[in-house]
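So this block is upload-v9.pdb, PDB, C-alpha atoms (C1' of nucleotides):
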```pdb
ATOM      1  CA  MET A   1       0.000   0.000   0.000
ATOM      2  CA  ALA A   2       2.979   2.245   0.061
ATOM      3  CA  ARG A   3       6.089   2.214  -2.026
ATOM      4  CA  ALA A   4       8.078  -0.994  -1.824
ATOM      5  CA  ALA A   5      10.938  -0.914   0.645
ATOM      6  CA  THR A   6      14.244   0.460  -0.573
ATOM      7  CA  THR A   7      15.704  -2.835   0.576
ATOM      8  CA  SER A   8      13.350  -4.947  -1.508
ATOM      9  CA  ASP A   9      15.686  -5.089  -4.504
ATOM     10  CA  ALA A  10      18.489  -3.342  -6.346
ATOM     11  CA  PHE A  11      16.022  -1.308  -8.406
ATOM     12  CA  ASN A  12      14.602   0.319  -5.314
ATOM     13  CA  ALA A  13      17.964   0.729  -3.642
ATOM     14  CA  ILE A  14      19.544   2.662  -6.501
ATOM     15  CA  ALA A  15      16.613   5.031  -6.848
ATOM     16  CA  GLU A  16      18.333   7.240  -4.286
ATOM     17  CA  PRO A  17      21.003   9.453  -5.922
ATOM     18  CA  ARG A  18      23.295   9.375  -2.892
ATOM     19  CA  ARG A  19      23.373   5.637  -2.999
ATOM     20  CA  ARG A  20      24.352   5.704  -6.644
ATOM     21  CA  GLU A  21      27.171   8.072  -5.735
ATOM     22  CA  ILE A  22      28.321   5.725  -3.026
ATOM     23  CA  LEU A  23      28.337   2.799  -5.431
ATOM     24  CA  THR A  24      30.347   4.777  -7.941
ATOM     25  CA  LEU A  25      32.824   5.735  -5.269
ATOM     26  CA  LEU A  26      33.205   2.228  -3.906
ATOM     27  CA  ILE A  27      33.601   0.479  -7.231
ATOM     28  CA  VAL A  28      37.157   1.776  -7.663
ATOM     29  CA  ARG A  29      38.414   0.491  -4.330
ATOM     30  CA  GLU A  30      37.155  -0.333  -0.869
ATOM     31  CA  ARG A  31      36.930   2.542   1.609
ATOM     32  CA  PRO A  32      36.186   3.002   5.292
ATOM     33  CA  VAL A  33      32.981   4.847   6.174
ATOM     34  CA  ASN A  34      34.988   7.884   7.207
ATOM     35  CA  GLU A  35      36.326   8.362   3.728
ATOM     36  CA  ILE A  36      32.883   8.104   2.157
ATOM     37  CA  VAL A  37      31.647  10.736   4.568
ATOM     38  CA  ALA A  38      34.536  13.051   3.692
ATOM     39  CA  GLU A  39      34.268  12.425  -0.033
ATOM     40  CA  LEU A  40      30.530  12.957  -0.387
ATOM     41  CA  GLY A  41      30.024  15.603   2.310
ATOM     42  CA  LEU A  42      27.167  13.787   4.018
ATOM     43  CA  ASP A  43      27.070  13.207   7.716
ATOM     44  CA  GLN A  44      28.128   9.875   9.103
ATOM     45  CA  PRO A  45      24.788   8.447  10.257
ATOM     46  CA  SER A  46      23.321   9.168   6.866
ATOM     47  CA  VAL A  47      26.117   7.313   5.121
ATOM     48  CA  SER A  48      25.781   4.382   7.508
ATOM     49  CA  LYS A  49      22.097   4.182   6.778
ATOM     50  CA  HIS A  50      22.627   4.228   3.038
ATOM     51  CA  LEU A  51      25.295   1.554   3.384
ATOM     52  CA  ARG A  52      22.861  -0.529   5.345
ATOM     53  CA  VAL A  53      20.364  -0.429   2.514
ATOM     54  CA  LEU A  54      23.012  -1.224  -0.071
ATOM     55  CA  ARG A  55      24.259  -4.081   2.044
ATOM     56  CA  ASP A  56      20.769  -5.519   2.489
ATOM     57  CA  VAL A  57      20.346  -5.890  -1.246
ATOM     58  CA  GLY A  58      23.884  -7.139  -1.800
ATOM     59  CA  LEU A  59      25.151  -4.080  -3.623
ATOM     60  CA  VAL A  60      28.091  -3.636  -1.254
ATOM     61  CA  ARG A  61      30.234  -5.899   0.885
ATOM     62  CA  VAL A  62      32.063  -5.171   4.111
ATOM     63  CA  ARG A  63      35.450  -6.179   5.369
ATOM     64  CA  CYS A  64      36.142  -5.473   9.037
ATOM     65  CA  ASP A  65      39.599  -4.464  10.127
ATOM     66  CA  GLY A  66      39.962  -3.292  13.685
ATOM     67  CA  ARG A  67      37.500  -0.533  14.295
ATOM     68  CA  GLN A  68      37.185   0.319  10.652
ATOM     69  CA  LYS A  69      34.826  -1.229   8.151
ATOM     70  CA  PHE A  70      35.833  -1.214   4.542
ATOM     71  CA  TYR A  71      32.975  -1.190   2.071
ATOM     72  CA  ARG A  72      33.161  -2.125  -1.545
ATOM     73  CA  THR A  73      30.675  -2.265  -4.381
ATOM     74  CA  GLN A  74      29.610  -5.762  -5.352
ATOM     75  CA  ALA A  75      29.477  -5.212  -9.091
ATOM     76  CA  GLU A  76      27.617  -8.416  -9.885
ATOM     77  CA  ALA A  77      24.567  -7.138  -8.042
ATOM     78  CA  ILE A  78      24.222  -4.396 -10.644
ATOM     79  CA  ARG A  79      24.129  -6.887 -13.451
ATOM     80  CA  PRO A  80      20.364  -7.591 -13.330
ATOM     81  CA  LEU A  81      19.757  -3.880 -13.720
ATOM     82  CA  HIS A  82      22.076  -3.706 -16.664
ATOM     83  CA  GLU A  83      20.455  -6.666 -18.297
ATOM     84  CA  TRP A  84      16.971  -5.347 -17.814
ATOM     85  CA  ALA A  85      17.933  -2.056 -19.420
ATOM     86  CA  ALA A  86      19.802  -3.862 -22.206
ATOM     87  CA  THR A  87      16.523  -5.469 -23.227
ATOM     88  CA  PHE A  88      15.509  -2.103 -24.652
ATOM     89  CA  GLU A  89      18.784  -1.372 -26.388
ATOM     90  CA  ARG A  90      17.778  -2.508 -29.843
ATOM     91  CA  TYR A  91      14.609  -0.441 -29.624
ATOM     92  CA  TRP A  92      16.277   2.848 -28.986
ATOM     93  CA  SER A  93      18.586   2.158 -31.891
ATOM     94  CA  HIS A  94      15.518   1.618 -34.068
ATOM     95  CA  GLN A  95      13.858   4.771 -32.845
ATOM     96  CA  LEU A  96      17.005   6.816 -33.395
ATOM     97  CA  ASN A  97      17.302   5.464 -36.914
ATOM     98  CA  ARG A  98      13.720   6.374 -37.625
ATOM     99  CA  VAL A  99      14.283   9.905 -36.391
ATOM    100  CA  LYS A 100      17.432  10.142 -38.436
ATOM    101  CA  GLU A 101      15.765   8.893 -41.596
ATOM    102  CA  ARG A 102      12.856  11.198 -41.116
ATOM    103  CA  ALA A 103      15.251  14.114 -40.752
ATOM    104  CA  GLU A 104      17.059  13.078 -43.892
ATOM    105  CA  ARG A 105      13.847  12.852 -45.835
ATOM    106  CA  ALA A 106      12.790  16.235 -44.581
ATOM    107  CA  ALA A 107      16.112  17.745 -45.538
ATOM    108  CA  ALA A 108      15.909  16.238 -48.992
ATOM    109  CA  GLN A 109      12.377  17.546 -49.367
ATOM    110  CA  GLU A 110      13.341  21.014 -48.264
ATOM    111  CA  SER A 111      16.357  21.410 -50.502
ATOM    112  CA  LYS A 112      14.178  20.270 -53.455
ATOM    113  CA  SER A 113      17.229  19.723 -55.569
ATOM    114  CA  THR A 114      19.197  16.657 -54.566
ATOM    115  CA  PRO A 115      16.694  13.934 -53.627
ATOM    116  CA  HIS A 116      18.674  11.408 -51.634
ATOM    117  CA  THR A 117      16.070   9.136 -50.101
ATOM    118  CA  GLY A 118      13.134   7.635 -51.849
ATOM    119  CA  GLY A 119      10.460   7.875 -49.215
ATOM    120  CA  LYS A 120      10.896   4.490 -47.726
ATOM    121  CA  ASP A 121       8.700   3.609 -44.776
ATOM    122  CA  ASP A 122       9.970   1.175 -42.198
ATOM    123  CA  ASP A 123       8.244  -0.676 -39.392
TER
ATOM    124  CA  MET B   1      12.993  14.452   3.954
ATOM    125  CA  ALA B   2      11.148  11.569   2.427
ATOM    126  CA  ARG B   3      11.947   9.489  -0.575
ATOM    127  CA  ALA B   4      12.309  11.401  -3.788
ATOM    128  CA  ALA B   5       9.188  11.472  -5.938
ATOM    129  CA  THR B   6       8.664   8.593  -8.310
ATOM    130  CA  THR B   7       8.395  11.228 -11.001
ATOM    131  CA  SER B   8      11.755  12.778 -10.217
ATOM    132  CA  ASP B   9      13.670  10.634 -12.689
ATOM    133  CA  ALA B  10      13.715   7.325 -14.531
ATOM    134  CA  PHE B  11      15.573   5.633 -11.685
ATOM    135  CA  ASN B  12      12.742   6.316  -9.280
ATOM    136  CA  ALA B  13      10.049   5.556 -11.811
ATOM    137  CA  ILE B  14      11.309   2.066 -12.630
ATOM    138  CA  ALA B  15      11.699   1.090  -8.988
ATOM    139  CA  GLU B  16       8.114  -0.107  -9.112
ATOM    140  CA  PRO B  17       7.838  -3.629 -10.594
ATOM    141  CA  ARG B  18       4.472  -2.985 -12.251
ATOM    142  CA  ARG B  19       5.925  -0.048 -14.107
ATOM    143  CA  ARG B  20       8.754  -2.193 -15.385
ATOM    144  CA  GLU B  21       6.191  -4.708 -16.592
ATOM    145  CA  ILE B  22       4.302  -1.976 -18.362
ATOM    146  CA  LEU B  23       7.469  -0.778 -20.075
ATOM    147  CA  THR B  24       8.293  -4.296 -21.189
ATOM    148  CA  LEU B  25       4.796  -4.690 -22.564
ATOM    149  CA  LEU B  26       4.768  -1.380 -24.392
ATOM    150  CA  ILE B  27       8.178  -1.705 -26.003
ATOM    151  CA  VAL B  28       6.922  -4.253 -28.518
ATOM    152  CA  ARG B  29       4.071  -2.115 -29.793
ATOM    153  CA  GLU B  30       1.757   0.629 -28.652
ATOM    154  CA  ARG B  31      -1.373  -0.406 -26.802
ATOM    155  CA  PRO B  32      -4.523   1.233 -25.460
ATOM    156  CA  VAL B  33      -4.930   1.346 -21.671
ATOM    157  CA  ASN B  34      -7.594  -1.335 -21.837
ATOM    158  CA  GLU B  35      -5.168  -3.847 -23.231
ATOM    159  CA  ILE B  36      -2.601  -3.124 -20.553
ATOM    160  CA  VAL B  37      -5.257  -3.635 -17.922
ATOM    161  CA  ALA B  38      -6.266  -6.961 -19.431
ATOM    162  CA  GLU B  39      -2.708  -8.111 -19.974
ATOM    163  CA  LEU B  40      -1.386  -7.333 -16.512
ATOM    164  CA  GLY B  41      -4.523  -7.979 -14.487
ATOM    165  CA  LEU B  42      -4.423  -4.666 -12.639
ATOM    166  CA  ASP B  43      -7.410  -2.412 -12.367
ATOM    167  CA  GLN B  44      -7.744   0.508 -14.692
ATOM    168  CA  PRO B  45      -7.137   3.426 -12.324
ATOM    169  CA  SER B  46      -3.964   1.782 -11.146
ATOM    170  CA  VAL B  47      -2.671   1.423 -14.674
ATOM    171  CA  SER B  48      -3.587   5.012 -15.475
ATOM    172  CA  LYS B  49      -1.654   6.186 -12.453
ATOM    173  CA  HIS B  50       1.418   4.188 -13.358
ATOM    174  CA  LEU B  51       1.226   5.501 -16.910
ATOM    175  CA  ARG B  52       1.060   9.003 -15.535
ATOM    176  CA  VAL B  53       4.314   8.497 -13.667
ATOM    177  CA  LEU B  54       6.003   6.924 -16.673
ATOM    178  CA  ARG B  55       4.793   9.759 -18.835
ATOM    179  CA  ASP B  56       6.072  12.406 -16.445
ATOM    180  CA  VAL B  57       9.601  11.077 -16.723
ATOM    181  CA  GLY B  58       9.392  10.527 -20.461
ATOM    182  CA  LEU B  59       9.446   6.741 -20.341
ATOM    183  CA  VAL B  60       6.263   6.443 -22.389
ATOM    184  CA  ARG B  61       4.526   8.477 -25.070
ATOM    185  CA  VAL B  62       0.854   8.751 -25.899
ATOM    186  CA  ARG B  63      -0.993   8.886 -29.157
ATOM    187  CA  CYS B  64      -4.650   9.791 -28.954
ATOM    188  CA  ASP B  65      -7.114   8.223 -31.343
ATOM    189  CA  GLY B  66     -10.782   8.783 -30.688
ATOM    190  CA  ARG B  67     -11.529   7.807 -27.155
ATOM    191  CA  GLN B  68      -8.548   5.542 -26.908
ATOM    192  CA  LYS B  69      -5.043   6.478 -25.924
ATOM    193  CA  PHE B  70      -2.211   4.387 -27.234
ATOM    194  CA  TYR B  71       0.859   4.253 -25.062
ATOM    195  CA  ARG B  72       4.302   3.213 -26.115
ATOM    196  CA  THR B  73       7.644   2.905 -24.373
ATOM    197  CA  GLN B  74      10.114   5.635 -25.238
ATOM    198  CA  ALA B  75      13.231   3.483 -25.334
ATOM    199  CA  GLU B  76      15.700   6.378 -25.331
ATOM    200  CA  ALA B  77      14.635   7.332 -21.828
ATOM    201  CA  ILE B  78      15.992   4.032 -20.567
ATOM    202  CA  ARG B  79      19.407   4.726 -22.013
ATOM    203  CA  PRO B  80      20.776   6.726 -19.056
ATOM    204  CA  LEU B  81      19.937   3.783 -16.813
ATOM    205  CA  HIS B  82      21.691   1.408 -19.126
ATOM    206  CA  GLU B  83      24.736   3.600 -19.326
ATOM    207  CA  TRP B  84      24.964   4.049 -15.582
ATOM    208  CA  ALA B  85      24.833   0.308 -15.069
ATOM    209  CA  ALA B  86      27.309  -0.259 -17.890
ATOM    210  CA  THR B  87      29.854   1.750 -15.912
ATOM    211  CA  PHE B  88      30.202  -1.253 -13.637
ATOM    212  CA  GLU B  89      30.381  -3.846 -16.376
ATOM    213  CA  ARG B  90      34.156  -4.179 -16.461
ATOM    214  CA  TYR B  91      34.229  -4.591 -12.706
ATOM    215  CA  TRP B  92      31.931  -7.538 -12.515
ATOM    216  CA  SER B  93      33.975  -9.155 -15.267
ATOM    217  CA  HIS B  94      37.066  -8.593 -13.124
ATOM    218  CA  GLN B  95      35.426  -9.985 -10.048
ATOM    219  CA  LEU B  96      34.157 -13.032 -11.913
ATOM    220  CA  ASN B  97      37.623 -13.644 -13.329
ATOM    221  CA  ARG B  98      39.122 -13.434  -9.878
ATOM    222  CA  VAL B  99      36.632 -15.942  -8.530
ATOM    223  CA  LYS B 100      37.288 -18.198 -11.492
ATOM    224  CA  GLU B 101      41.056 -18.020 -11.095
ATOM    225  CA  ARG B 102      40.791 -18.660  -7.410
ATOM    226  CA  ALA B 103      38.681 -21.733  -8.103
ATOM    227  CA  GLU B 104      41.207 -22.941 -10.631
ATOM    228  CA  ARG B 105      44.065 -22.507  -8.192
ATOM    229  CA  ALA B 106      42.115 -24.355  -5.528
ATOM    230  CA  ALA B 107      41.323 -27.191  -7.901
ATOM    231  CA  ALA B 108      44.965 -27.478  -8.902
ATOM    232  CA  GLN B 109      45.974 -27.478  -5.269
ATOM    233  CA  GLU B 110      43.458 -30.114  -4.339
ATOM    234  CA  SER B 111      44.311 -32.592  -7.080
ATOM    235  CA  LYS B 112      47.996 -32.301  -6.084
ATOM    236  CA  SER B 113      49.055 -34.004  -9.253
ATOM    237  CA  THR B 114      48.697 -31.731 -12.253
ATOM    238  CA  PRO B 115      49.681 -28.207 -11.099
ATOM    239  CA  HIS B 116      48.278 -25.880 -13.713
ATOM    240  CA  THR B 117      48.656 -22.428 -12.243
ATOM    241  CA  GLY B 118      51.718 -21.079 -10.544
ATOM    242  CA  GLY B 119      50.201 -19.076  -7.709
ATOM    243  CA  LYS B 120      49.985 -15.795  -9.526
ATOM    244  CA  ASP B 121      48.379 -12.900  -7.639
ATOM    245  CA  ASP B 122      46.476 -10.302  -9.611
ATOM    246  CA  ASP B 123      45.209  -6.861  -8.682
TER
ATOM    247  C1'  DT C   1     -29.903  14.734 -25.001
ATOM    248  C1'  DT C   2     -29.040  10.340 -23.198
ATOM    249  C1'  DG C   3     -26.215   6.424 -22.716
ATOM    250  C1'  DA C   4     -22.196   3.640 -23.160
ATOM    251  C1'  DC C   5     -17.407   3.337 -23.424
ATOM    252  C1'  DA C   6     -12.351   4.717 -22.463
ATOM    253  C1'  DT C   7      -9.428   6.889 -19.545
ATOM    254  C1'  DA C   8      -8.027  10.176 -15.788
ATOM    255  C1'  DT C   9      -8.328  12.170 -11.324
ATOM    256  C1'  DT C  10      -9.546  12.719  -6.463
ATOM    257  C1'  DC C  11     -10.096  11.137  -1.773
ATOM    258  C1'  DC C  12      -8.651   7.989   1.702
ATOM    259  C1'  DT C  13      -5.280   5.277   4.508
ATOM    260  C1'  DA C  14      -1.391   2.304   5.891
ATOM    261  C1'  DT C  15       3.300   2.340   5.227
ATOM    262  C1'  DA C  16       7.976   3.707   4.283
ATOM    263  C1'  DT C  17      11.139   6.526   3.906
ATOM    264  C1'  DA C  18      15.487  10.450   4.382
ATOM    265  C1'  DG C  19      17.491  13.597   7.218
ATOM    266  C1'  DG C  20      18.767  15.491  11.746
ATOM    267  C1'  DA C  21      19.725  14.804  16.617
ATOM    268  C1'  DA C  22      21.029  11.942  20.070
ATOM    269  C1'  DT C  23      22.566   7.771  21.675
ATOM    270  C1'  DG C  24      24.511   2.955  21.486
ATOM    271  C1'  DT C  25      28.391  -0.232  20.630
ATOM    272  C1'  DA C  26      32.843  -1.920  19.693
ATOM    273  C1'  DA C  27      37.849  -1.540  19.299
ATOM    274  C1'  DT C  28      42.153   0.905  20.398
ATOM    275  C1'  DG C  29      45.468   3.679  23.091
ATOM    276  C1'  DT C  30      47.293   5.159  27.606
TER
ATOM    277  C1'  DA D   1      39.553   2.078  33.943
ATOM    278  C1'  DC D   2      38.941   5.921  30.857
ATOM    279  C1'  DA D   3      38.990   8.676  26.889
ATOM    280  C1'  DT D   4      38.907   8.449  21.965
ATOM    281  C1'  DT D   5      37.948   6.862  17.555
ATOM    282  C1'  DA D   6      34.865   4.543  14.093
ATOM    283  C1'  DC D   7      30.386   3.063  13.058
ATOM    284  C1'  DA D   8      25.592   1.751  13.794
ATOM    285  C1'  DT D   9      21.074   2.384  15.525
ATOM    286  C1'  DT D  10      17.039   4.705  17.452
ATOM    287  C1'  DC D  11      13.709   8.380  17.796
ATOM    288  C1'  DC D  12      11.326  12.041  15.493
ATOM    289  C1'  DT D  13       8.879  14.315  11.595
ATOM    290  C1'  DA D  14       7.505  15.940   6.995
ATOM    291  C1'  DT D  15       6.489  13.864   2.836
ATOM    292  C1'  DA D  16       5.285  10.584  -0.713
ATOM    293  C1'  DT D  17       3.552   7.000  -2.165
ATOM    294  C1'  DA D  18       0.269   2.495  -4.011
ATOM    295  C1'  DG D  19      -4.016   0.589  -3.918
ATOM    296  C1'  DG D  20      -9.055   0.744  -3.520
ATOM    297  C1'  DA D  21     -13.364   3.246  -4.065
ATOM    298  C1'  DA D  22     -15.747   6.714  -6.094
ATOM    299  C1'  DT D  23     -16.075  10.217  -9.297
ATOM    300  C1'  DA D  24     -14.798  13.214 -13.254
ATOM    301  C1'  DT D  25     -13.666  14.037 -18.122
ATOM    302  C1'  DG D  26     -13.901  13.106 -22.929
ATOM    303  C1'  DT D  27     -15.635  10.762 -27.103
ATOM    304  C1'  DC D  28     -18.699   8.417 -29.919
ATOM    305  C1'  DA D  29     -23.492   6.593 -31.166
ATOM    306  C1'  DA D  30     -28.431   6.762 -31.513
TER
END
```
Mind turning the file's structure into structure tokens?
Amino acid sequence: MARAATTSDAFNAIAEPRRREILTLLIVRERPVNEIVAELGLDQPSVSKHLRVLRDVGLVRVRCDGRQKFYRTQAEAIRPLHEWAATFERYWSHQLNRVKERAERAAAQESKSTPHTGGKDDD
Amino acid sequence: MARAATTSDAFNAIAEPRRREILTLLIVRERPVNEIVAELGLDQPSVSKHLRVLRDVGLVRVRCDGRQKFYRTQAEAIRPLHEWAATFERYWSHQLNRVKERAERAAAQESKSTPHTGGKDDD
DNA sequence: TTGACATATTCCTATATAGGAATGTAATGT
DNA sequence: ACATTACATTCCTATATAGGAATATGTCAA
């Protein structure tokens, strides 16, 4: 009856811009919470809470060392997202081609001197 | 102070599973609302509300014809999502390779007869 | 106009945040 | 033991849903 929890899956977790920033930061190398705080300019509890969400959906992993906790992005967890989006890849290529062809036809029509395309309709 | 609006960007809009289903349905061909309702088994107001969100972030387009409205997925709007996720692609390849290599080393170690890898450390 | 059909919007409510403040917990140094 | 450092959690509040019910808007047909 309300929005699904942010921890319900990766799709919900990455809806928050800060969390995407954190993932981008932690993909390069692991970092302690302190460094994330300093790098992103958020306050510590906020970062901890975001990390908690990311951890719950498997988007980050922790390694404990003394009193520090090193977080790192678990890249594989982003894969389902990538694959879902990739499903649409061929369609935006199609749509871009259609726009392009339409523009070309229009240009040819407007110049009224060097007809390049015939007036082919696709799809 | 609360979660960002579902209409704030594509990332928030696609967090909802039903909306992803709708996008998947409407990428193949445009459909009137009725058909979406029948296909997904939701009730009509719910579908209309989801379509409103998707429309606000440019994920779908409408074509009006008489009293029907034909919706269709605007594939280009999914591209930013795809590109963000693609940023991590090389990392999950790396991580998978590391796991694979580790498994190979372990297998070689366990058989104790045909040493295949030397004990190379990467990264 | 009246009615039927197609779609959109409004009202309602339970739920889930995100951020800020304050506090809790665990590990280290002296 | 005690203070300090590094994180995590809890409490609070304004806000934003998603779904259901009811209603509104728009279009065509007779």
Practice prompt. Would you kindly return, as a VMD selection string, each protein, DNA or RNA residue with an atom no farther than 9 Å from any atom of Val53 in chain A, considering only C-alpha atoms (C1' of nucleotides) and excluding same-chain residues fewer than 3 positions away?
Written response: chain A and resid 6 to 7 13 19 48 to 50 56 to 59
Discussion item. Please identify all residues of chain A having at least one atom at most 10 Å from any atom of chain B, considering all atoms listed in the file, and return them as a ChimeraX atom specification.
Written reply: /A:3-6,8-17,20,23-24,27-28,73-96
Practice prompt. Please write the residues picked by the PyMOL selection byres ((chain C and resi 30) around 12) on this file as a ChimeraX atom specification.
Written response: /C:28-29 /D:1-4
With C-alpha atoms (C1' of nucleotides) retained, write the just-selected residues as a PDB file, keeping the file's coordinate frame.
```
ATOM      1  C1'  DT C  28      42.153   0.905  20.398  1.00  0.00           C
ATOM      2  C1'  DG C  29      45.468   3.679  23.091  1.00  0.00           C
TER       3       DG C  29
ATOM      4  C1'  DA D   1      39.553   2.078  33.943  1.00  0.00           C
ATOM      5  C1'  DC D   2      38.941   5.921  30.857  1.00  0.00           C
ATOM      6  C1'  DA D   3      38.990   8.676  26.889  1.00  0.00           C
ATOM      7  C1'  DT D   4      38.907   8.449  21.965  1.00  0.00           C
TER       8       DT D   4
END
```
Worksheet entry | Selection result of the PyMOL selection byres ((chain A) within 10 of (chain D)) on this file, as number ranges by chain | A: 1-4, 32-34, 44-45, 47-49, 52, 66-69
Worksheet item: Could you list, as a VMD selection string, every residue of chain C that has an atom within 9 Å of an atom of chain A, counting all atoms listed in the file?
Response: chain C and resid 13 to 19 26 to 28
Output C-alpha atoms (C1' of nucleotides) of each residue in that selection to a file, as a PDB file, keeping the file's coordinate frame.
```
ATOM      1  C1'  DT C  13      -5.280   5.277   4.508  1.00  0.00           C
ATOM      2  C1'  DA C  14      -1.391   2.304   5.891  1.00  0.00           C
ATOM      3  C1'  DT C  15       3.300   2.340   5.227  1.00  0.00           C
ATOM      4  C1'  DA C  16       7.976   3.707   4.283  1.00  0.00           C
ATOM      5  C1'  DT C  17      11.139   6.526   3.906  1.00  0.00           C
ATOM      6  C1'  DA C  18      15.487  10.450   4.382  1.00  0.00           C
ATOM      7  C1'  DG C  19      17.491  13.597   7.218  1.00  0.00           C
ATOM      8  C1'  DA C  26      32.843  -1.920  19.693  1.00  0.00           C
ATOM      9  C1'  DA C  27      37.849  -1.540  19.299  1.00  0.00           C
ATOM     10  C1'  DT C  28      42.153   0.905  20.398  1.00  0.00           C
TER      11       DT C  28
END
```
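Between CA of Phe70 in chain A and CA of Glu30 in chain A lies a distance of 5.6 Å.
CA of Leu25 in chain B is positioned 12.2 Å from CA of Leu51 in chain B.
Put simply, CA of Arg72 in chain B is 12.5 Å away from CA of Glu21 in chain B.
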Output, as JSON, the centre and edge lengths in Å (one decimal) of the axis-aligned box that contains all listed atoms of range 5-23 of chain C with 4 Å of margin on each side.
```
{"center_x": 2.6, "center_y": 8.9, "center_z": -0.9, "size_x": 48.0, "size_y": 21.2, "size_z": 53.1}
```
Would you fill out range 40-53 of chain A with N, CA, C and O atoms and return it as a tab-separated table (two decimals), keeping the file's coordinate frame?
```
chain	number	residue	atom	x	y	z
A	40	LEU	N	31.85	12.55	0.10
A	40	LEU	CA	30.53	12.96	-0.39
A	40	LEU	C	29.93	14.11	0.41
A	40	LEU	O	28.90	14.67	0.02
A	41	GLY	N	30.52	14.46	1.55
A	41	GLY	CA	30.02	15.60	2.31
A	41	GLY	C	28.71	15.36	3.02
A	41	GLY	O	27.99	16.31	3.36
A	42	LEU	N	28.36	14.10	3.23
A	42	LEU	CA	27.17	13.79	4.02
A	42	LEU	C	27.61	13.58	5.45
A	42	LEU	O	28.80	13.49	5.74
A	43	ASP	N	26.65	13.50	6.37
A	43	ASP	CA	27.07	13.21	7.72
A	43	ASP	C	27.09	11.70	7.93
A	43	ASP	O	26.43	10.94	7.22
A	44	GLN	N	27.82	11.29	8.93
A	44	GLN	CA	28.13	9.88	9.10
A	44	GLN	C	26.90	8.97	9.26
A	44	GLN	O	26.82	7.92	8.60
A	45	PRO	N	25.95	9.34	10.13
A	45	PRO	CA	24.79	8.45	10.26
A	45	PRO	C	24.05	8.23	8.93
A	45	PRO	O	23.60	7.13	8.65
A	46	SER	N	23.99	9.28	8.15
A	46	SER	CA	23.32	9.17	6.87
A	46	SER	C	24.04	8.16	5.96
A	46	SER	O	23.39	7.31	5.33
A	47	VAL	N	25.34	8.25	5.93
A	47	VAL	CA	26.12	7.31	5.12
A	47	VAL	C	25.92	5.88	5.63
A	47	VAL	O	25.70	4.96	4.84
A	48	SER	N	25.97	5.71	6.93
A	48	SER	CA	25.78	4.38	7.51
A	48	SER	C	24.43	3.80	7.13
A	48	SER	O	24.30	2.61	6.84
A	49	LYS	N	23.43	4.67	7.12
A	49	LYS	CA	22.10	4.18	6.78
A	49	LYS	C	22.02	3.79	5.31
A	49	LYS	O	21.41	2.77	4.97
A	50	HIS	N	22.62	4.59	4.46
A	50	HIS	CA	22.63	4.23	3.04
A	50	HIS	C	23.39	2.92	2.82
A	50	HIS	O	22.96	2.06	2.04
A	51	LEU	N	24.50	2.78	3.52
A	51	LEU	CA	25.30	1.55	3.38
A	51	LEU	C	24.50	0.34	3.85
A	51	LEU	O	24.62	-0.75	3.28
A	52	ARG	N	23.69	0.56	4.84
A	52	ARG	CA	22.86	-0.53	5.34
A	52	ARG	C	21.89	-1.03	4.28
A	52	ARG	O	21.73	-2.24	4.06
A	53	VAL	N	21.28	-0.08	3.60
A	53	VAL	CA	20.36	-0.43	2.51
A	53	VAL	C	21.10	-1.17	1.40
A	53	VAL	O	20.67	-2.24	0.95
```
